[in-house]
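These notes are about the structure you will find just below.
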Amino acid sequence: MTTHNQTPSGSPDPDAAQGMDIAARTQWQLVRARFFRHRAALLGMVLLAVVVLLAFTSIGIGPVPGWWDKSPTETGSLVNGGKPTLGLVPEFLGGAGLALGEHPFGQDNVGKDYFALTMRGTQVSLIIAFVVGIVATVVATVIGACAGYFRGWTETVLMRITDVLIAIPLLVIAAAAAKIAGQQGILFLGVVLGLVTWTQTARLVRSSVLSLREKEFVEAARSVGTSAVRIIFKHILPNTVGVIIVSVTLAIAAAVLLESALSFLGMGVQPPDTSLGRLITDYRSAMGTRPWLFYWPGLFIILIALSVNFIGDGLRDAFDPRQNRVRD
Amino acid sequence: MLVFIARRLVVSVFVLFVATFVMFVLSANTGDPLADLRELPADDRESAMAERIERMRLDLPVYARYFLWLGDALTGDFGVNRQGQDVNILLVDAVSATMQLVVAATVLAIVIGIAIGIISALRQYSGFDHAVTFGAFVAFSLPIFWVGVLLKQYGAIEFNNWLVQPSIPTLVIILGALLAGLAWSSLIVGDRRARLIAFAGASGITAVLLLWISLTEWFADPGLGPVVIALSAFGGAVGISALFSGLKLNRPMYAALAAAAIGTVLSFALAPVLADPSLGVILALAAATVIVCAGLGYGIGGVLHRRNAIAAAVWTGLFTGGVIFVDRMLQAFAGYSDSVQGRPISTIGASTPNYQGTFWELSLDSVGHLALPTMALILVSLATYTRYSRASMLEVMNQDYVRTARAKGLPERTVVTRHAFRNGLIPITTLAAYDFGTVIGGAVVTETVFGWRAMGDLLVTGLNEADPAPAMAFFVVTGGAIVVFNMIADIAYAYLDPRIRLS
């Protein structure tokens with residue numbers, strides 16, 4: 001960083017007012033600086049990273065093995081009545097000491113290791129949520145940008161389709177779609193859910209494209225003969241990236257909850273595969289006798305949704321141009 | 001304006017028609033409608049299948065079935081479900097059950113949410129504000145069915161067990177007192193001394209109250225008693241008139257106090273009427289309260305304070321009536337609890353089957369069944385209303401007209417209640433209208449958790465059995481509600497905010 005205010009006299013530097021440091025920052029540097037000052041969002045990032053790492057490294061994914069030696073499907077003999085062996089109270093406070101034990105999250109009634117099961121459920125819920133996020137973003141961006149840029153008939157048709165999808169309550173259309181897609185596997189389920197959840201983002205993208213297309217730089221690009229596709233992707237969309245990222249982050253948080261609600265109604269992930277919502281459904285009758293079977297998946301749903309929501313809030317503040325509190 | 005509304009209506013109806021087609025195709029393809037019949041013995045199978053194919057018109061392609069359904073639906077006939085039950089009859093029951101559930105939840109969420117949101121906006125960046133913001137984020141991240149099951153376990157099963165010997169553990173008393181102290185001290189404006197006094201006062205009062213509840217085993221046979229009724233009536237009168245006209249002994253305050261006094265006296269005078277009234281009597285009493293209190297305010301208010309006095313007196317009268325109502329219900333609690341084997345908070349369904357009792361016992365029965373699903377439903381919408389009203393209030397408080405109001409020397413109470421609050425409510429009004437539209441269809445998961453046979457049941461069975469008729473009935477009602485309430489939201493917005501009308 002260069003300081004200009006130390007010149008004792010003479011012509012003042014045109015860039016700097018007296019007593020202030022001015023450093024040129026790009027848009028992205030500004031956004032990053034604002035985001036990293038949002039403590040809740042940083043905490044959310046760390047939490048989400050921990051949950052993702054834990055879920056994917058512990059039991060591994062596909063053929064790759066993880067560091068946890070039990071699988072979510074194998075049954076075993078009950079240790080300690082299936083109670084969780086995770087110890088969180090240190091010995092000097094009268095607890096059993098910090099230890100994972102044989103089955104940190106306990107076991108279910110047939111002796112399956114519940115830590116492995118919860119991790120498998122977390123993996124599935126995360127995969128579905130992110131697939132929903134990606135599919136919804138792509139569809140919303142393309143539809144919103146085309147409707148906003150081309151106007152006329154394109155806009156009318158695309159926006160009426162959006163209206164029709166919005167008129168059907170999300171849970172209803174998702175339930176119907178998931179009921180059809182649930183048997184085809186989790187990736188397909190994620191894609192189908194993505195195909196019904198893009199509507200709000202598309203409206204936001206469209207309205208921001210509508211105002212951007214009237215700007216001088218778009219007019220300039222058009223006057224030198226730039227193609228429509230290039231204008232949309234090179235000139236307009238980079239300026240809407242804030243809207244899109246924020247909306248997608250919040251959509252991912254909503255997707256975690258949507259997937260678990262659908263699985264709870266029996267319309268999402270189908271056995272033998274499992275998800276966090278599925279686990280809660282399967283074990284909710286055990287609430288009285290083995291409450292841990294019910295607590296762990298719920299806790300992980302809350303952790304994921306809460307951290308993603310915090311990240312979304314931090315991003316919204318970071319992309320908000322009215323927030324210009326970057327001085328350090 | 002009329003042209004605008006008409007055009008919106010035409011587009012919405014058109015959109016709704018296309019949406020019903022999408023919905024019909026989806027719900028007709030969710031599975032095999034004959035799946036359960038395929039496992040029957042061979043001789044029954046053919047006839048049963050033929051009967052169902054005939055009833056559901058499965059021999060026709062999907063679009064033909066859609067137009068047949070549409071033709072019937074336009075005349076108000078939603079057809080029969082897979083078992084041959086009339087969907088219209090199912091629908092009427094489902095709508096009334098769902099309305100019971102969501103109306104109370106939405107009204108409570110709006111009132112509490114706006115109150116919390118405005119307080120946290122007025123105390124921006126205080127401990128209370130941060131706690132509310134964090135709480136709202138947690139509420140947005142909670143899976144509602146998980147909360148529902150937790151509520152059933154702790155709000156019903158454990159709570160009913162606790163009612164057998166309702167004494168509060170010392171730890172809970174201490175924690176409750178500390179929490180109340182923290183909440184109040186974070187709301188107080190002033191130096192450390194004022195905060196400490198608020199903390200000590202609030203935690204002391206809470207501790208004594210909890211201790212008293214615990215020692216007298218108040219929950220075993222609750223009730224407010226004449227002293228508490230009188231105290232809350234006069235406290236309410238002071239608080240309400242302070243909101244309308246400030247903490248001075250002026251005419252609105254006299255009117256409110258008079259209303260409270262009359263209410264307290266009447267709570268004894270009307271004892272025979274209140275022993276077992278009907279709903280009509282209660283409504284008539286409420287109407288009488290409004291008329292009498294309005295007259296009271298008109299008489300006492302004088303020319304200058306008439307409007308404030310009428311408002312303060314009417315609200316005080318209704319508040320006192322509410323306190324008396326709650327007291328009567330609490331008095332009936334012990335008897336009701338005995339008649340349902342000591343399990344007053346229920347986990348399943350909308351009412352105890354074949355339950356007979358006085359008006360108060362029947363009301364308690366509904367409340368006991370509504371309490372938990374309402375709490376689950378409130379949670380998410382409460383967070384939404386809190387966030388919205390906080391943001392809206394913060395925006396309004398930065399407007400020029402608020403600065404002007406302050407600059408001309410108005411007291412902060414007037415600035416907040418007259419200038420900021422009313423304008424801050426405009427966006428909330430539209431949010432509330434949208435919310436009412438979506439909430440009828442949005443209670444599906446909650447209804448499933450708590451075993452209500454309501455709108456959600458129509459949808460879930462319709463989709464699980466690949467039976468379009470009940471699912472479509474659900475969709476027509478909820479989709480229609482959304483269209484109507486969105487319209488109301490737009491009209492309300494244009495009516496409340498003249499800037500919208502001009503553009």
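Chain identifiers are assigned as A, B, and so on, following the order in which chains appear in the structure tokens; residues are numbered from 1 within each chain, and ligands are numbered from 1 in order of appearance.
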Show which residues sit within 12 Å of B:Ala489, as a PyMOL selection string. Count only C-alpha atoms, and ignore same-chain residues fewer than 6 positions away. chain B and resi 5+426-437+481-483+495-497
Save out the residues we just selected, N, CA and C atoms, as a PDB file, in the first residue's frame.
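Result file is out_6.pdb:
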```pdb
ATOM      1  N   ILE B   5     -56.208  -4.542 -11.954  1.00  0.00           N
ATOM      2  CA  ILE B   5     -56.665  -5.713 -11.209  1.00  0.00           C
ATOM      3  C   ILE B   5     -57.257  -6.747 -12.155  1.00  0.00           C
ATOM      4  N   ILE B 426     -46.518  -1.183   6.206  1.00  0.00           N
ATOM      5  CA  ILE B 426     -47.033  -1.366   4.835  1.00  0.00           C
ATOM      6  C   ILE B 426     -46.464  -2.619   4.170  1.00  0.00           C
ATOM      7  N   PRO B 427     -45.125  -2.781   4.143  1.00  0.00           N
ATOM      8  CA  PRO B 427     -44.624  -4.010   3.514  1.00  0.00           C
ATOM      9  C   PRO B 427     -45.063  -5.271   4.249  1.00  0.00           C
ATOM     10  N   ILE B 428     -45.235  -5.170   5.576  1.00  0.00           N
ATOM     11  CA  ILE B 428     -45.644  -6.361   6.342  1.00  0.00           C
ATOM     12  C   ILE B 428     -47.059  -6.781   5.956  1.00  0.00           C
ATOM     13  N   THR B 429     -47.918  -5.793   5.659  1.00  0.00           N
ATOM     14  CA  THR B 429     -49.288  -6.122   5.274  1.00  0.00           C
ATOM     15  C   THR B 429     -49.291  -7.032   4.057  1.00  0.00           C
ATOM     16  N   THR B 430     -48.477  -6.671   3.063  1.00  0.00           N
ATOM     17  CA  THR B 430     -48.459  -7.497   1.867  1.00  0.00           C
ATOM     18  C   THR B 430     -47.849  -8.859   2.166  1.00  0.00           C
ATOM     19  N   LEU B 431     -46.818  -8.861   3.010  1.00  0.00           N
ATOM     20  CA  LEU B 431     -46.215 -10.149   3.368  1.00  0.00           C
ATOM     21  C   LEU B 431     -47.255 -11.042   4.040  1.00  0.00           C
ATOM     22  N   ALA B 432     -48.057 -10.451   4.944  1.00  0.00           N
ATOM     23  CA  ALA B 432     -49.060 -11.229   5.656  1.00  0.00           C
ATOM     24  C   ALA B 432     -50.080 -11.803   4.682  1.00  0.00           C
ATOM     25  N   ALA B 433     -50.469 -11.003   3.676  1.00  0.00           N
ATOM     26  CA  ALA B 433     -51.450 -11.489   2.711  1.00  0.00           C
ATOM     27  C   ALA B 433     -50.876 -12.651   1.896  1.00  0.00           C
ATOM     28  N   TYR B 434     -49.643 -12.501   1.403  1.00  0.00           N
ATOM     29  CA  TYR B 434     -49.001 -13.617   0.697  1.00  0.00           C
ATOM     30  C   TYR B 434     -48.942 -14.851   1.582  1.00  0.00           C
ATOM     31  N   ASP B 435     -48.587 -14.615   2.836  1.00  0.00           N
ATOM     32  CA  ASP B 435     -48.362 -15.714   3.766  1.00  0.00           C
ATOM     33  C   ASP B 435     -49.648 -16.497   4.007  1.00  0.00           C
ATOM     34  N   PHE B 436     -50.769 -15.761   4.179  1.00  0.00           N
ATOM     35  CA  PHE B 436     -52.047 -16.447   4.357  1.00  0.00           C
ATOM     36  C   PHE B 436     -52.343 -17.337   3.165  1.00  0.00           C
ATOM     37  N   GLY B 437     -51.960 -16.875   1.973  1.00  0.00           N
ATOM     38  CA  GLY B 437     -52.201 -17.664   0.779  1.00  0.00           C
ATOM     39  C   GLY B 437     -51.418 -18.960   0.774  1.00  0.00           C
ATOM     40  N   ALA B 481     -56.241 -20.091  -3.358  1.00  0.00           N
ATOM     41  CA  ALA B 481     -55.993 -19.210  -2.213  1.00  0.00           C
ATOM     42  C   ALA B 481     -54.798 -18.313  -2.500  1.00  0.00           C
ATOM     43  N   ILE B 482     -53.753 -18.882  -3.114  1.00  0.00           N
ATOM     44  CA  ILE B 482     -52.566 -18.071  -3.395  1.00  0.00           C
ATOM     45  C   ILE B 482     -52.908 -16.952  -4.370  1.00  0.00           C
ATOM     46  N   VAL B 483     -53.662 -17.291  -5.441  1.00  0.00           N
ATOM     47  CA  VAL B 483     -54.025 -16.265  -6.424  1.00  0.00           C
ATOM     48  C   VAL B 483     -54.838 -15.154  -5.754  1.00  0.00           C
ATOM     49  N   TYR B 495     -53.357   0.508  -2.050  1.00  0.00           N
ATOM     50  CA  TYR B 495     -54.217   1.343  -1.222  1.00  0.00           C
ATOM     51  C   TYR B 495     -53.411   2.038  -0.136  1.00  0.00           C
ATOM     52  N   LEU B 496     -52.458   1.288   0.456  1.00  0.00           N
ATOM     53  CA  LEU B 496     -51.725   1.826   1.591  1.00  0.00           C
ATOM     54  C   LEU B 496     -50.599   2.764   1.181  1.00  0.00           C
ATOM     55  N   ASP B 497     -50.020   2.511   0.015  1.00  0.00           N
ATOM     56  CA  ASP B 497     -48.855   3.299  -0.390  1.00  0.00           C
ATOM     57  C   ASP B 497     -49.150   4.025  -1.692  1.00  0.00           C
TER      58      ASP B 497
END
```
9 Å contacts from chain A to chain B using only C-alpha atoms, as a PDB file with N, CA and C atoms, in the first residue's frame:
```
ATOM      1  N   ARG A 160     -44.122 -16.710 -18.345  1.00  0.00           N
ATOM      2  CA  ARG A 160     -45.378 -17.411 -18.049  1.00  0.00           C
ATOM      3  C   ARG A 160     -45.089 -18.810 -17.540  1.00  0.00           C
ATOM      4  N   ILE A 161     -44.054 -19.471 -18.125  1.00  0.00           N
ATOM      5  CA  ILE A 161     -43.677 -20.790 -17.620  1.00  0.00           C
ATOM      6  C   ILE A 161     -43.262 -20.662 -16.148  1.00  0.00           C
ATOM      7  N   ASP A 163     -44.239 -18.400 -14.056  1.00  0.00           N
ATOM      8  CA  ASP A 163     -45.439 -18.153 -13.257  1.00  0.00           C
ATOM      9  C   ASP A 163     -46.177 -19.449 -12.949  1.00  0.00           C
ATOM     10  N   VAL A 164     -46.286 -20.313 -13.978  1.00  0.00           N
ATOM     11  CA  VAL A 164     -47.003 -21.577 -13.763  1.00  0.00           C
ATOM     12  C   VAL A 164     -46.309 -22.385 -12.674  1.00  0.00           C
ATOM     13  N   LEU A 165     -44.967 -22.452 -12.756  1.00  0.00           N
ATOM     14  CA  LEU A 165     -44.241 -23.241 -11.750  1.00  0.00           C
ATOM     15  C   LEU A 165     -44.374 -22.605 -10.368  1.00  0.00           C
ATOM     16  N   ILE A 166     -44.383 -21.261 -10.318  1.00  0.00           N
ATOM     17  CA  ILE A 166     -44.502 -20.607  -9.021  1.00  0.00           C
ATOM     18  C   ILE A 166     -45.887 -20.819  -8.429  1.00  0.00           C
ATOM     19  N   ALA A 167     -46.908 -20.912  -9.321  1.00  0.00           N
ATOM     20  CA  ALA A 167     -48.276 -21.075  -8.821  1.00  0.00           C
ATOM     21  C   ALA A 167     -48.445 -22.387  -8.072  1.00  0.00           C
ATOM     22  N   ILE A 168     -47.643 -23.405  -8.407  1.00  0.00           N
ATOM     23  CA  ILE A 168     -47.731 -24.674  -7.687  1.00  0.00           C
ATOM     24  C   ILE A 168     -46.814 -24.574  -6.471  1.00  0.00           C
ATOM     25  N   PRO A 169     -47.330 -24.791  -5.252  1.00  0.00           N
ATOM     26  CA  PRO A 169     -46.466 -24.703  -4.073  1.00  0.00           C
ATOM     27  C   PRO A 169     -45.257 -25.622  -4.229  1.00  0.00           C
ATOM     28  N   LEU A 171     -43.409 -27.403  -2.275  1.00  0.00           N
ATOM     29  CA  LEU A 171     -43.419 -28.736  -1.677  1.00  0.00           C
ATOM     30  C   LEU A 171     -44.268 -29.688  -2.513  1.00  0.00           C
ATOM     31  N   VAL A 172     -45.352 -29.168  -3.102  1.00  0.00           N
ATOM     32  CA  VAL A 172     -46.275 -30.006  -3.862  1.00  0.00           C
ATOM     33  C   VAL A 172     -45.620 -30.504  -5.140  1.00  0.00           C
ATOM     34  N   ILE A 173     -45.048 -29.559  -5.916  1.00  0.00           N
ATOM     35  CA  ILE A 173     -44.454 -29.977  -7.190  1.00  0.00           C
ATOM     36  C   ILE A 173     -43.215 -30.820  -6.920  1.00  0.00           C
ATOM     37  N   ALA A 175     -42.790 -32.738  -4.324  1.00  0.00           N
ATOM     38  CA  ALA A 175     -43.247 -34.050  -3.866  1.00  0.00           C
ATOM     39  C   ALA A 175     -43.640 -34.913  -5.052  1.00  0.00           C
ATOM     40  N   ALA A 176     -44.402 -34.319  -5.985  1.00  0.00           N
ATOM     41  CA  ALA A 176     -44.822 -35.094  -7.153  1.00  0.00           C
ATOM     42  C   ALA A 176     -43.615 -35.510  -7.983  1.00  0.00           C
ATOM     43  N   ALA A 177     -42.685 -34.556  -8.206  1.00  0.00           N
ATOM     44  CA  ALA A 177     -41.514 -34.869  -9.014  1.00  0.00           C
ATOM     45  C   ALA A 177     -40.635 -35.904  -8.323  1.00  0.00           C
ATOM     46  N   ALA A 178     -40.466 -35.738  -7.000  1.00  0.00           N
ATOM     47  CA  ALA A 178     -39.594 -36.655  -6.281  1.00  0.00           C
ATOM     48  C   ALA A 178     -40.199 -38.044  -6.216  1.00  0.00           C
ATOM     49  N   LYS A 179     -41.536 -38.090  -6.135  1.00  0.00           N
ATOM     50  CA  LYS A 179     -42.205 -39.393  -6.098  1.00  0.00           C
ATOM     51  C   LYS A 179     -41.889 -40.153  -7.374  1.00  0.00           C
ATOM     52  N   ILE A 180     -41.848 -39.411  -8.497  1.00  0.00           N
ATOM     53  CA  ILE A 180     -41.533 -40.054  -9.774  1.00  0.00           C
ATOM     54  C   ILE A 180     -40.037 -40.374  -9.858  1.00  0.00           C
ATOM     55  N   ALA A 181     -39.192 -39.444  -9.343  1.00  0.00           N
ATOM     56  CA  ALA A 181     -37.751 -39.570  -9.555  1.00  0.00           C
ATOM     57  C   ALA A 181     -37.040 -40.331  -8.442  1.00  0.00           C
ATOM     58  N   ALA A 253     -29.451 -24.035   1.054  1.00  0.00           N
ATOM     59  CA  ALA A 253     -29.952 -24.244   2.414  1.00  0.00           C
ATOM     60  C   ALA A 253     -31.391 -24.737   2.378  1.00  0.00           C
ATOM     61  N   ALA A 254     -32.193 -24.120   1.490  1.00  0.00           N
ATOM     62  CA  ALA A 254     -33.581 -24.551   1.386  1.00  0.00           C
ATOM     63  C   ALA A 254     -33.671 -25.973   0.860  1.00  0.00           C
ATOM     64  N   LEU A 257     -33.355 -28.659   3.514  1.00  0.00           N
ATOM     65  CA  LEU A 257     -34.600 -28.829   4.259  1.00  0.00           C
ATOM     66  C   LEU A 257     -35.677 -29.471   3.393  1.00  0.00           C
ATOM     67  N   LEU A 258     -35.725 -29.082   2.104  1.00  0.00           N
ATOM     68  CA  LEU A 258     -36.740 -29.639   1.204  1.00  0.00           C
ATOM     69  C   LEU A 258     -36.540 -31.137   1.046  1.00  0.00           C
ATOM     70  N   SER A 260     -35.033 -33.190   3.051  1.00  0.00           N
ATOM     71  CA  SER A 260     -35.328 -33.954   4.260  1.00  0.00           C
ATOM     72  C   SER A 260     -36.832 -34.015   4.496  1.00  0.00           C
ATOM     73  N   ALA A 261     -37.559 -32.917   4.168  1.00  0.00           N
ATOM     74  CA  ALA A 261     -39.016 -32.955   4.340  1.00  0.00           C
ATOM     75  C   ALA A 261     -39.638 -33.977   3.398  1.00  0.00           C
ATOM     76  N   LEU A 262     -39.133 -34.033   2.150  1.00  0.00           N
ATOM     77  CA  LEU A 262     -39.676 -34.994   1.187  1.00  0.00           C
ATOM     78  C   LEU A 262     -39.385 -36.416   1.628  1.00  0.00           C
ATOM     79  N   PHE A 264     -38.990 -37.356   4.550  1.00  0.00           N
ATOM     80  CA  PHE A 264     -39.839 -37.601   5.703  1.00  0.00           C
ATOM     81  C   PHE A 264     -41.235 -38.034   5.260  1.00  0.00           C
ATOM     82  N   LEU A 265     -41.747 -37.410   4.194  1.00  0.00           N
ATOM     83  CA  LEU A 265     -43.070 -37.784   3.695  1.00  0.00           C
ATOM     84  C   LEU A 265     -43.013 -39.093   2.904  1.00  0.00           C
ATOM     85  N   GLY A 266     -41.794 -39.669   2.763  1.00  0.00           N
ATOM     86  CA  GLY A 266     -41.655 -40.923   2.032  1.00  0.00           C
ATOM     87  C   GLY A 266     -41.542 -40.726   0.537  1.00  0.00           C
ATOM     88  N   MET A 267     -41.213 -39.518   0.081  1.00  0.00           N
ATOM     89  CA  MET A 267     -41.198 -39.265  -1.355  1.00  0.00           C
ATOM     90  C   MET A 267     -39.824 -38.918  -1.893  1.00  0.00           C
ATOM     91  N   GLY A 277     -33.042 -36.864   6.286  1.00  0.00           N
ATOM     92  CA  GLY A 277     -34.483 -36.862   6.503  1.00  0.00           C
ATOM     93  C   GLY A 277     -35.032 -38.272   6.641  1.00  0.00           C
ATOM     94  N   ILE A 280     -34.382 -39.729  10.071  1.00  0.00           N
ATOM     95  CA  ILE A 280     -35.323 -39.243  11.089  1.00  0.00           C
ATOM     96  C   ILE A 280     -36.644 -39.979  10.967  1.00  0.00           C
ATOM     97  N   THR A 281     -37.130 -40.142   9.721  1.00  0.00           N
ATOM     98  CA  THR A 281     -38.390 -40.861   9.527  1.00  0.00           C
ATOM     99  C   THR A 281     -38.291 -42.283  10.041  1.00  0.00           C
ATOM    100  N   ARG A 284     -38.061 -42.322  13.991  1.00  0.00           N
ATOM    101  CA  ARG A 284     -38.767 -41.400  14.871  1.00  0.00           C
ATOM    102  C   ARG A 284     -39.605 -42.131  15.905  1.00  0.00           C
ATOM    103  N   MET A 287     -37.987 -42.591  19.383  1.00  0.00           N
ATOM    104  CA  MET A 287     -37.728 -41.403  20.207  1.00  0.00           C
ATOM    105  C   MET A 287     -37.750 -41.720  21.696  1.00  0.00           C
ATOM    106  N   GLY A 288     -38.697 -42.541  22.133  1.00  0.00           N
ATOM    107  CA  GLY A 288     -38.818 -42.818  23.564  1.00  0.00           C
ATOM    108  C   GLY A 288     -37.718 -43.718  24.078  1.00  0.00           C
ATOM    109  N   PHE A 294     -32.561 -40.306  16.847  1.00  0.00           N
ATOM    110  CA  PHE A 294     -33.359 -39.217  16.329  1.00  0.00           C
ATOM    111  C   PHE A 294     -32.583 -37.908  16.355  1.00  0.00           C
ATOM    112  N   TYR A 295     -31.713 -37.734  17.361  1.00  0.00           N
ATOM    113  CA  TYR A 295     -31.026 -36.454  17.511  1.00  0.00           C
ATOM    114  C   TYR A 295     -29.944 -36.215  16.469  1.00  0.00           C
ATOM    115  N   GLY A 298     -30.920 -34.957  12.902  1.00  0.00           N
ATOM    116  CA  GLY A 298     -31.488 -33.611  13.015  1.00  0.00           C
ATOM    117  C   GLY A 298     -30.413 -32.578  13.250  1.00  0.00           C
ATOM    118  N   ILE A 301     -28.648 -31.876  10.023  1.00  0.00           N
ATOM    119  CA  ILE A 301     -29.452 -31.027   9.124  1.00  0.00           C
ATOM    120  C   ILE A 301     -29.327 -29.578   9.554  1.00  0.00           C
ATOM    121  N   ILE A 302     -29.477 -29.335  10.872  1.00  0.00           N
ATOM    122  CA  ILE A 302     -29.417 -27.960  11.364  1.00  0.00           C
ATOM    123  C   ILE A 302     -28.037 -27.376  11.099  1.00  0.00           C
ATOM    124  N   LEU A 303     -26.976 -28.154  11.352  1.00  0.00           N
ATOM    125  CA  LEU A 303     -25.620 -27.644  11.133  1.00  0.00           C
ATOM    126  C   LEU A 303     -25.430 -27.212   9.693  1.00  0.00           C
ATOM    127  N   ILE A 304     -25.848 -28.086   8.746  1.00  0.00           N
ATOM    128  CA  ILE A 304     -25.643 -27.750   7.333  1.00  0.00           C
ATOM    129  C   ILE A 304     -26.469 -26.522   6.959  1.00  0.00           C
ATOM    130  N   ALA A 305     -27.767 -26.561   7.283  1.00  0.00           N
ATOM    131  CA  ALA A 305     -28.643 -25.462   6.856  1.00  0.00           C
ATOM    132  C   ALA A 305     -28.207 -24.148   7.505  1.00  0.00           C
ATOM    133  N   LEU A 306     -27.850 -24.212   8.786  1.00  0.00           N
ATOM    134  CA  LEU A 306     -27.475 -22.986   9.490  1.00  0.00           C
ATOM    135  C   LEU A 306     -26.196 -22.394   8.901  1.00  0.00           C
ATOM    136  N   SER A 307     -25.183 -23.263   8.649  1.00  0.00           N
ATOM    137  CA  SER A 307     -23.931 -22.697   8.150  1.00  0.00           C
ATOM    138  C   SER A 307     -24.119 -22.140   6.743  1.00  0.00           C
ATOM    139  N   ASN A 309     -26.889 -20.917   5.530  1.00  0.00           N
ATOM    140  CA  ASN A 309     -27.638 -19.668   5.680  1.00  0.00           C
ATOM    141  C   ASN A 309     -26.732 -18.525   6.111  1.00  0.00           C
ATOM    142  N   PHE A 310     -25.821 -18.803   7.024  1.00  0.00           N
ATOM    143  CA  PHE A 310     -24.890 -17.762   7.471  1.00  0.00           C
ATOM    144  C   PHE A 310     -23.999 -17.313   6.322  1.00  0.00           C
TER     145      PHE A 310
END
```
What is the atom CA of B:Thr386 to atom CA of B:Ile114 distance in Å?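 Between atom CA of B:Thr386 and atom CA of B:Ile114 the gap is 5.8 Å.
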Apply DSSP to the structure's backbone, then extract all residues of stretch 12-241 of chain A labelled helix (DSSP H, G or I) and return them as a ChimeraX atom specification. /A:27-37,39-58,80-82,91-93,114-150,152-167,170-184,186-196,199-212,216-223,228-241
What is the atom CA of B:Thr289-atom CA of B:Thr374 distance in Å, reported with one decimal?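 Between these atoms lies a distance of 28.2 Å.
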Give me the residues within 12 Å of stretch 139-145 of chain A as a ChimeraX atom specification, counting only C-alpha atoms and dropping any in the same chain fewer than 3 places off. /A:132-136,148-151,154-162,191-213,228-229,231-233,235-241,243-245,247-248,251
Write out as a list in words each polymer residue whose atoms come within 10 Å of B:Gln356, counting only C-alpha atoms; drop sequence neighbours fewer than 6 positions from it.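 Near B:Gln356, the qualifying residues are Ser339, Leu362 and Asp365 of chain B.
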What does the distance between atom CA of A:Arg316 and atom CA of A:Phe35 come to in Å, to one decimal place?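 Atom CA of A:Phe35 lies at a distance of 8.8 Å from atom CA of A:Arg316.
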